[in-house]
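Source file: data.pdb; contents: PDB, C-alpha atoms.
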ATOM      1  CA  MET A  14     -15.231  -0.499 -13.305
ATOM      2  CA  ILE A  15     -12.737  -1.954 -15.783
ATOM      3  CA  LEU A  16     -10.070   0.540 -14.682
ATOM      4  CA  ILE A  17     -10.522  -0.448 -11.032
ATOM      5  CA  PHE A  18     -10.118  -4.137 -11.842
ATOM      6  CA  LEU A  19      -7.078  -3.486 -14.060
ATOM      7  CA  SER A  20      -5.460  -1.414 -11.332
ATOM      8  CA  LEU A  21      -6.221  -4.084  -8.745
ATOM      9  CA  ALA A  22      -4.913  -6.820 -11.046
ATOM     10  CA  ILE A  23      -1.601  -5.018 -11.571
ATOM     11  CA  ILE A  24      -0.885  -4.312  -7.914
ATOM     12  CA  THR A  25      -2.013  -7.743  -6.677
ATOM     13  CA  SER A  26      -0.088  -9.530  -9.434
ATOM     14  CA  TYR A  27       3.074  -7.607  -8.630
ATOM     15  CA  VAL A  28       2.819  -8.201  -4.876
ATOM     16  CA  GLY A  29       1.791 -11.830  -5.396
ATOM     17  CA  VAL A  30       4.745 -12.576  -7.677
ATOM     18  CA  MET A  31       7.140 -10.898  -5.237
ATOM     19  CA  ILE A  32       5.783 -12.967  -2.331
ATOM     20  CA  PHE A  33       5.976 -16.152  -4.405
ATOM     21  CA  ARG A  34       9.592 -15.430  -5.414
ATOM     22  CA  ASN A  35      10.973 -14.046  -2.155
ATOM     23  CA  GLY A  36       8.506 -14.579   0.697
ATOM     24  CA  ILE A  37       6.830 -11.813   2.658
ATOM     25  CA  PRO A  38       8.889  -8.608   2.292
ATOM     26  CA  TYR A  39       9.377  -5.948   4.975
ATOM     27  CA  SER A  40       7.425  -3.557   2.749
ATOM     28  CA  ILE A  41       6.129  -3.469  -0.808
ATOM     29  CA  SER A  42       8.824  -0.908  -1.625
ATOM     30  CA  ASP A  43      11.465  -3.328  -0.332
ATOM     31  CA  THR A  44      10.661  -5.660  -3.251
ATOM     32  CA  PHE A  45      12.391  -3.158  -5.567
ATOM     33  CA  TYR A  46      15.782  -4.374  -4.342
ATOM     34  CA  SER A  47      15.070  -8.009  -5.237
ATOM     35  CA  LEU A  48      14.171  -7.279  -8.866
ATOM     36  CA  ASP A  49      16.513  -8.050 -11.751
ATOM     37  CA  HIS A  50      14.573  -5.603 -13.905
ATOM     38  CA  LYS A  51      13.925  -2.638 -11.591
ATOM     39  CA  VAL A  52      11.456  -1.046 -14.020
ATOM     40  CA  TRP A  53       8.760  -3.513 -12.886
ATOM     41  CA  PHE A  54       8.394  -1.792  -9.531
ATOM     42  CA  GLY A  55       7.861   1.619 -11.098
ATOM     43  CA  PHE A  56       5.567   0.210 -13.758
ATOM     44  CA  SER A  57       3.402  -1.513 -11.152
ATOM     45  CA  MET A  58       3.082   1.496  -8.860
ATOM     46  CA  ILE A  59       2.555   4.085 -11.611
ATOM     47  CA  SER A  60       0.203   2.058 -13.805
ATOM     48  CA  SER A  61      -1.977   0.916 -10.902
ATOM     49  CA  ALA A  62      -2.224   4.538  -9.681
ATOM     50  CA  LEU A  63      -2.940   6.001 -13.134
ATOM     51  CA  LEU A  64      -5.616   3.404 -13.851
ATOM     52  CA  LEU A  65      -7.171   4.000 -10.451
ATOM     53  CA  MET A  66      -7.194   7.801 -10.627
ATOM     54  CA  PRO A  67     -10.096   8.402 -13.066
ATOM     55  CA  ALA A  68     -12.265   5.788 -11.380
ATOM     56  CA  ILE A  69     -11.644   7.028  -7.859
ATOM     57  CA  LEU A  70     -12.099  10.680  -8.827
ATOM     58  CA  GLU A  71     -15.417   9.840 -10.494
ATOM     59  CA  ARG A  72     -16.704   8.150  -7.340
ATOM     60  CA  THR A  73     -15.455  10.749  -4.855
ATOM     61  CA  PRO A  74     -17.443  13.833  -3.841
ATOM     62  CA  GLU A  75     -15.863  17.008  -5.144
ATOM     63  CA  SER A  76     -15.241  18.338  -1.632
ATOM     64  CA  TYR A  77     -12.506  15.769  -1.017
ATOM     65  CA  GLN A  78     -11.403  14.663  -4.489
ATOM     66  CA  PHE A  79      -8.041  16.228  -3.717
ATOM     67  CA  LEU A  80      -7.384  13.317  -1.318
ATOM     68  CA  ALA A  81      -7.921  10.763  -4.088
ATOM     69  CA  PHE A  82      -5.715  12.791  -6.411
ATOM     70  CA  LEU A  83      -2.926  13.114  -3.824
ATOM     71  CA  MET A  84      -3.161   9.420  -2.968
ATOM     72  CA  CYS A  85      -2.717   8.354  -6.595
ATOM     73  CA  SER A  86      -0.093  11.026  -7.261
ATOM     74  CA  GLY A  87       1.854   9.916  -4.205
ATOM     75  CA  LEU A  88       1.844   6.340  -5.466
ATOM     76  CA  CYS A  89       3.140   7.555  -8.847
ATOM     77  CA  PHE A  90       6.016   9.338  -7.117
ATOM     78  CA  VAL A  91       6.787   6.153  -5.154
ATOM     79  CA  GLY A  92       7.183   4.427  -8.523
ATOM     80  CA  VAL A  93       9.361   7.234  -9.878
ATOM     81  CA  ALA A  94      11.622   7.258  -6.802
ATOM     82  CA  PRO A  95      11.856   3.599  -5.740
ATOM     83  CA  ASN A  96      15.218   3.659  -3.943
ATOM     84  CA  PHE A  97      14.112   4.523  -0.404
ATOM     85  CA  LYS A  98      17.403   3.447   1.176
ATOM     86  CA  ALA A  99      19.738   6.037  -0.333
ATOM     87  CA  GLY A 100      20.321   8.876  -2.717
ATOM     88  CA  MET A 101      17.994  11.508  -4.075
ATOM     89  CA  ASP A 102      15.109   9.023  -4.212
ATOM     90  CA  ARG A 103      15.024   8.576  -0.438
ATOM     91  CA  PRO A 104      13.321  11.826   0.654
ATOM     92  CA  LEU A 105      10.932  11.829  -2.313
ATOM     93  CA  HIS A 106       9.970   8.201  -1.710
ATOM     94  CA  ILE A 107       9.353   8.769   1.995
ATOM     95  CA  VAL A 108       7.280  11.929   1.449
ATOM     96  CA  ALA A 109       5.305  10.344  -1.401
ATOM     97  CA  THR A 110       4.602   7.196   0.611
ATOM     98  CA  THR A 111       3.459   9.233   3.591
ATOM     99  CA  ILE A 112       1.162  11.395   1.457
ATOM    100  CA  ALA A 113      -0.321   8.374  -0.327
ATOM    101  CA  ALA A 114      -0.902   6.496   2.930
ATOM    102  CA  LEU A 115      -2.401   9.396   4.872
ATOM    103  CA  CYS A 116      -4.611  10.566   2.016
ATOM    104  CA  SER A 117      -5.848   7.036   1.375
ATOM    105  CA  GLN A 118      -6.916   6.561   4.976
ATOM    106  CA  VAL A 119      -8.586   9.961   5.264
ATOM    107  CA  TRP A 120     -10.355   9.235   1.956
ATOM    108  CA  VAL A 121     -11.533   5.874   3.316
ATOM    109  CA  ALA A 122     -12.689   7.530   6.550
ATOM    110  CA  LEU A 123     -14.735  10.092   4.620
ATOM    111  CA  THR A 124     -16.137   7.607   2.110
ATOM    112  CA  LEU A 125     -16.898   4.443   4.080
ATOM    113  CA  PRO A 126     -15.658   4.857   7.672
ATOM    114  CA  TRP A 127     -16.556   1.384   8.976
ATOM    115  CA  VAL A 128     -13.826  -0.098   6.758
ATOM    116  CA  LEU A 129     -11.248   1.439   9.117
ATOM    117  CA  PHE A 130     -12.120  -1.251  11.658
ATOM    118  CA  VAL A 131      -9.807  -3.531   9.663
ATOM    119  CA  TRP A 132      -6.956  -1.823  11.545
ATOM    120  CA  ILE A 133      -8.112  -3.742  14.617
ATOM    121  CA  ALA A 134      -7.211  -6.968  12.798
ATOM    122  CA  TRP A 135      -3.772  -5.493  12.007
ATOM    123  CA  LEU A 136      -3.222  -4.635  15.669
ATOM    124  CA  ALA A 137      -4.320  -8.132  16.699
ATOM    125  CA  TYR A 138      -1.979  -9.708  14.133
ATOM    126  CA  VAL A 139       0.965  -7.607  15.300
ATOM    127  CA  GLY A 140       0.235  -8.426  18.939
ATOM    128  CA  ILE A 141      -0.057 -12.162  18.321
ATOM    129  CA  ARG A 142       2.951 -12.265  15.993
ATOM    130  CA  LEU A 143       5.026 -10.197  18.402
ATOM    131  CA  ARG A 144       4.475 -12.816  21.096
ATOM    132  CA  GLN A 145       5.521 -15.565  18.657
ATOM    133  CA  VAL A 146       8.802 -13.931  17.600
ATOM    134  CA  TRP A 147       9.654 -12.204  20.895
ATOM    135  CA  ASP A 148      13.360 -12.313  21.692
ATOM    136  CA  GLY A 149      13.570  -9.640  24.392
ATOM    137  CA  ASP A 150      14.188  -6.729  22.001
ATOM    138  CA  LEU A 151      10.942  -4.859  21.245
ATOM    139  CA  TRP A 152      12.088  -3.080  18.077
ATOM    140  CA  TYR A 153      13.782  -6.129  16.533
ATOM    141  CA  SER A 154      10.800  -8.351  17.346
ATOM    142  CA  PHE A 155       8.389  -5.749  15.957
ATOM    143  CA  VAL A 156      10.301  -5.525  12.662
ATOM    144  CA  LYS A 157      10.308  -9.337  12.399
ATOM    145  CA  CYS A 158       6.475  -9.176  12.330
ATOM    146  CA  LYS A 159       6.750  -7.221   9.042
ATOM    147  CA  PRO A 160       4.019  -4.808  10.144
ATOM    148  CA  LEU A 161       4.695  -2.260   7.407
ATOM    149  CA  PHE A 162       4.013  -4.769   4.632
ATOM    150  CA  TRP A 163       0.725  -5.806   6.226
ATOM    151  CA  ALA A 164      -0.226  -2.168   6.828
ATOM    152  CA  GLU A 165       0.395  -1.414   3.138
ATOM    153  CA  VAL A 166      -1.654  -4.414   2.043
ATOM    154  CA  ILE A 167      -4.490  -3.333   4.343
ATOM    155  CA  ALA A 168      -4.356   0.253   3.091
ATOM    156  CA  PHE A 169      -4.512  -0.872  -0.551
ATOM    157  CA  GLY A 170      -7.225  -3.372   0.315
ATOM    158  CA  MET A 171      -9.323  -0.710   2.006
ATOM    159  CA  VAL A 172      -9.229   1.594  -1.007
ATOM    160  CA  TYR A 173     -10.273  -1.160  -3.406
ATOM    161  CA  THR A 174     -12.898  -2.453  -0.949
ATOM    162  CA  VAL A 175     -14.465   1.003  -0.708
ATOM    163  CA  LEU A 176     -14.481   1.394  -4.485
ATOM    164  CA  LEU A 177     -15.940  -2.046  -5.108
ATOM    165  CA  THR A 178     -18.525  -1.541  -2.360
ATOM    166  CA  ASN A 179     -19.564   1.721  -3.994
ATOM    167  CA  LEU A 180     -19.890  -0.077  -7.343
ATOM    168  CA  ILE A 181     -22.248  -2.637  -5.872
ATOM    169  CA  SER A 182     -24.443  -0.158  -3.996
TER     170      SER A 182
END
Using structure tokens, write down the structure that the file contains.
Amino acid sequence: MILIFLSLAIITSYVGVMIFRNGIPYSISDTFYSLDHKVWFGFSMISSALLLMPAILERTPESYQFLAFLMCSGLCFVGVAPNFKAGMDRPLHIVATTIAALCSQVWVALTLPWVLFVWIAWLAYVGIRLRQVWDGDLWYSFVKCKPLFWAEVIAFGMVYTVLLTNLIS
């Protein structure tokens, strides 16, 4: 339980400080470029994943523990390869992010499927926000909604919600 709360504290503190300093980013990974000390991004991603891994593996049935492992490992690789805009980091970051995101959502679906209904709120937010910022260009207006950031926050939130729900029950 302590590891879950430490992991949650690290990731929420990092994201919270970044929002306080710079406003809502386009993605959590995008905050890397605003840091004076770039190591903080890697530290936050890697430490939150490594603290989460033993706790999530302990609470996951053996038949799909590999999803929890891949999710946390993917997040570690995101921290190791933070520069998603260029260079050798780009492909590793994109693959690691995709693996972490997909594995997290499949893990949630297998562990506590009703939590996935939160995606309806994301769709509603994007739809409402899209109408507010609409300028005639669908892609540009969509990006202005910052949907990736909110999707990442929801994905993280779902994982911690499932874990904390399992602790209570």
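The gap separating CA of Val175 (chain A) from CA of Ser76 (chain A) is 17.4 Å, in Å to one decimal.
Comparing A:Tyr39, A:Trp147, A:Phe54, A:Trp163 by their smallest distance to Ala94 (chain A), the closest is A:Phe54 (using all atoms listed in the file).
Proximity to Trp53 (chain A) was assessed for A:Pro74, A:Gly87, A:Pro38, A:Pro95 counting only C-alpha atoms; the smallest distance is recorded for A:Pro95.
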Got a sec to resolve the PyMOL selection byres ((chain A and resi 157) around 12) on this structure and send the residues as a PyMOL selection string? chain A and resi 37-40+139+142-148+150-156+158-163
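The space separating CA of Ala114 (chain A) from CA of Ala168 (chain A) comes to 7.1 Å.
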For the file shown, report as a VMD selection string the outcome of the PyMOL selection byres ((chain A and resi 109) around 7) at residue level. chain A and resid 87 to 88 90 to 91 105 to 108 110 to 113
Could you list as a PyMOL selection string every residue that has an atom within 10 Å of (-16.7, -0.4, -5.8), using the file's coordinates and counting all atoms listed in the file? chain A and resi 14+17-18+68-69+72+172-182
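Counting all atoms listed in the file, the residue from A:Val52, A:Trp132, A:Thr25, A:Leu16 that sits nearest to Leu64 (chain A) is A:Leu16.
Put simply, CA of Thr124 (chain A) is 24.5 Å away from CA of Ala137 (chain A).
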Which polymer residues have any atom within 12 Å of an atom of Leu70 (chain A), counting all atoms listed in the file, with same-chain residues fewer than 6 positions away left out, as a list in words? Leu16, Ile17, Ala62, Leu63, Leu64, Ser76, Tyr77, Gln78, Phe79, Leu80, Ala81, Phe82, Leu83, Met84, Cys85, Trp120 and Leu176 of chain A
Completed region 106-117 of chain A (all heavy atoms) as a compact mmCIF listing (two decimals), in the frame of the given file:
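Output (rebuild-v5.txt):
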# COMPACT_ATOMS: atom_id res chain seq x y z
N HIS A 106 10.69 9.44 -1.96
CA HIS A 106 9.97 8.20 -1.71
C HIS A 106 9.25 8.27 -0.36
O HIS A 106 8.07 7.91 -0.26
CB HIS A 106 10.93 7.01 -1.73
CG HIS A 106 10.25 5.69 -1.62
ND1 HIS A 106 9.94 4.92 -2.71
CD2 HIS A 106 9.79 5.00 -0.55
CE1 HIS A 106 9.33 3.81 -2.32
NE2 HIS A 106 9.23 3.84 -1.00
N ILE A 107 9.94 8.72 0.66
CA ILE A 107 9.35 8.77 2.00
C ILE A 107 8.19 9.75 2.05
O ILE A 107 7.12 9.44 2.59
CB ILE A 107 10.44 9.10 3.05
CG1 ILE A 107 11.40 7.91 3.16
CG2 ILE A 107 9.82 9.43 4.39
CD1 ILE A 107 12.65 8.20 3.96
N VAL A 108 8.36 10.94 1.47
CA VAL A 108 7.28 11.93 1.45
C VAL A 108 6.10 11.42 0.63
O VAL A 108 4.94 11.52 1.06
CB VAL A 108 7.79 13.29 0.91
CG1 VAL A 108 6.64 14.24 0.63
CG2 VAL A 108 8.76 13.92 1.90
N ALA A 109 6.37 10.85 -0.54
CA ALA A 109 5.30 10.34 -1.40
C ALA A 109 4.54 9.20 -0.74
O ALA A 109 3.30 9.15 -0.81
CB ALA A 109 5.88 9.88 -2.74
N THR A 110 5.25 8.31 -0.09
CA THR A 110 4.60 7.20 0.61
C THR A 110 3.71 7.71 1.73
O THR A 110 2.58 7.25 1.91
CB THR A 110 5.67 6.24 1.19
OG1 THR A 110 6.49 5.76 0.13
CG2 THR A 110 5.03 5.07 1.90
N THR A 111 4.22 8.66 2.48
CA THR A 111 3.46 9.23 3.59
C THR A 111 2.19 9.92 3.08
O THR A 111 1.10 9.73 3.64
CB THR A 111 4.33 10.22 4.39
OG1 THR A 111 5.51 9.52 4.84
CG2 THR A 111 3.59 10.79 5.57
N ILE A 112 2.32 10.71 2.03
CA ILE A 112 1.16 11.40 1.46
C ILE A 112 0.14 10.39 0.95
O ILE A 112 -1.06 10.51 1.23
CB ILE A 112 1.60 12.36 0.33
CG1 ILE A 112 2.32 13.56 0.94
CG2 ILE A 112 0.40 12.81 -0.51
CD1 ILE A 112 3.00 14.45 -0.08
N ALA A 113 0.60 9.38 0.21
CA ALA A 113 -0.32 8.37 -0.33
C ALA A 113 -1.04 7.64 0.80
O ALA A 113 -2.26 7.44 0.75
CB ALA A 113 0.43 7.39 -1.22
N ALA A 114 -0.30 7.25 1.83
CA ALA A 114 -0.90 6.50 2.93
C ALA A 114 -1.90 7.34 3.71
O ALA A 114 -3.04 6.90 3.96
CB ALA A 114 0.19 5.98 3.87
N LEU A 115 -1.51 8.54 4.09
CA LEU A 115 -2.40 9.40 4.87
C LEU A 115 -3.65 9.78 4.08
O LEU A 115 -4.77 9.70 4.61
CB LEU A 115 -1.66 10.65 5.34
CG LEU A 115 -0.61 10.44 6.42
CD1 LEU A 115 0.12 11.75 6.72
CD2 LEU A 115 -1.21 9.86 7.68
N CYS A 116 -3.45 10.18 2.84
CA CYS A 116 -4.61 10.57 2.02
C CYS A 116 -5.55 9.39 1.78
O CYS A 116 -6.77 9.56 1.77
CB CYS A 116 -4.15 11.17 0.69
SG CYS A 116 -3.41 12.81 0.90
N SER A 117 -4.99 8.20 1.60
CA SER A 117 -5.85 7.04 1.38
C SER A 117 -6.72 6.76 2.59
O SER A 117 -7.91 6.46 2.46
CB SER A 117 -5.02 5.79 1.02
OG SER A 117 -4.39 5.24 2.15
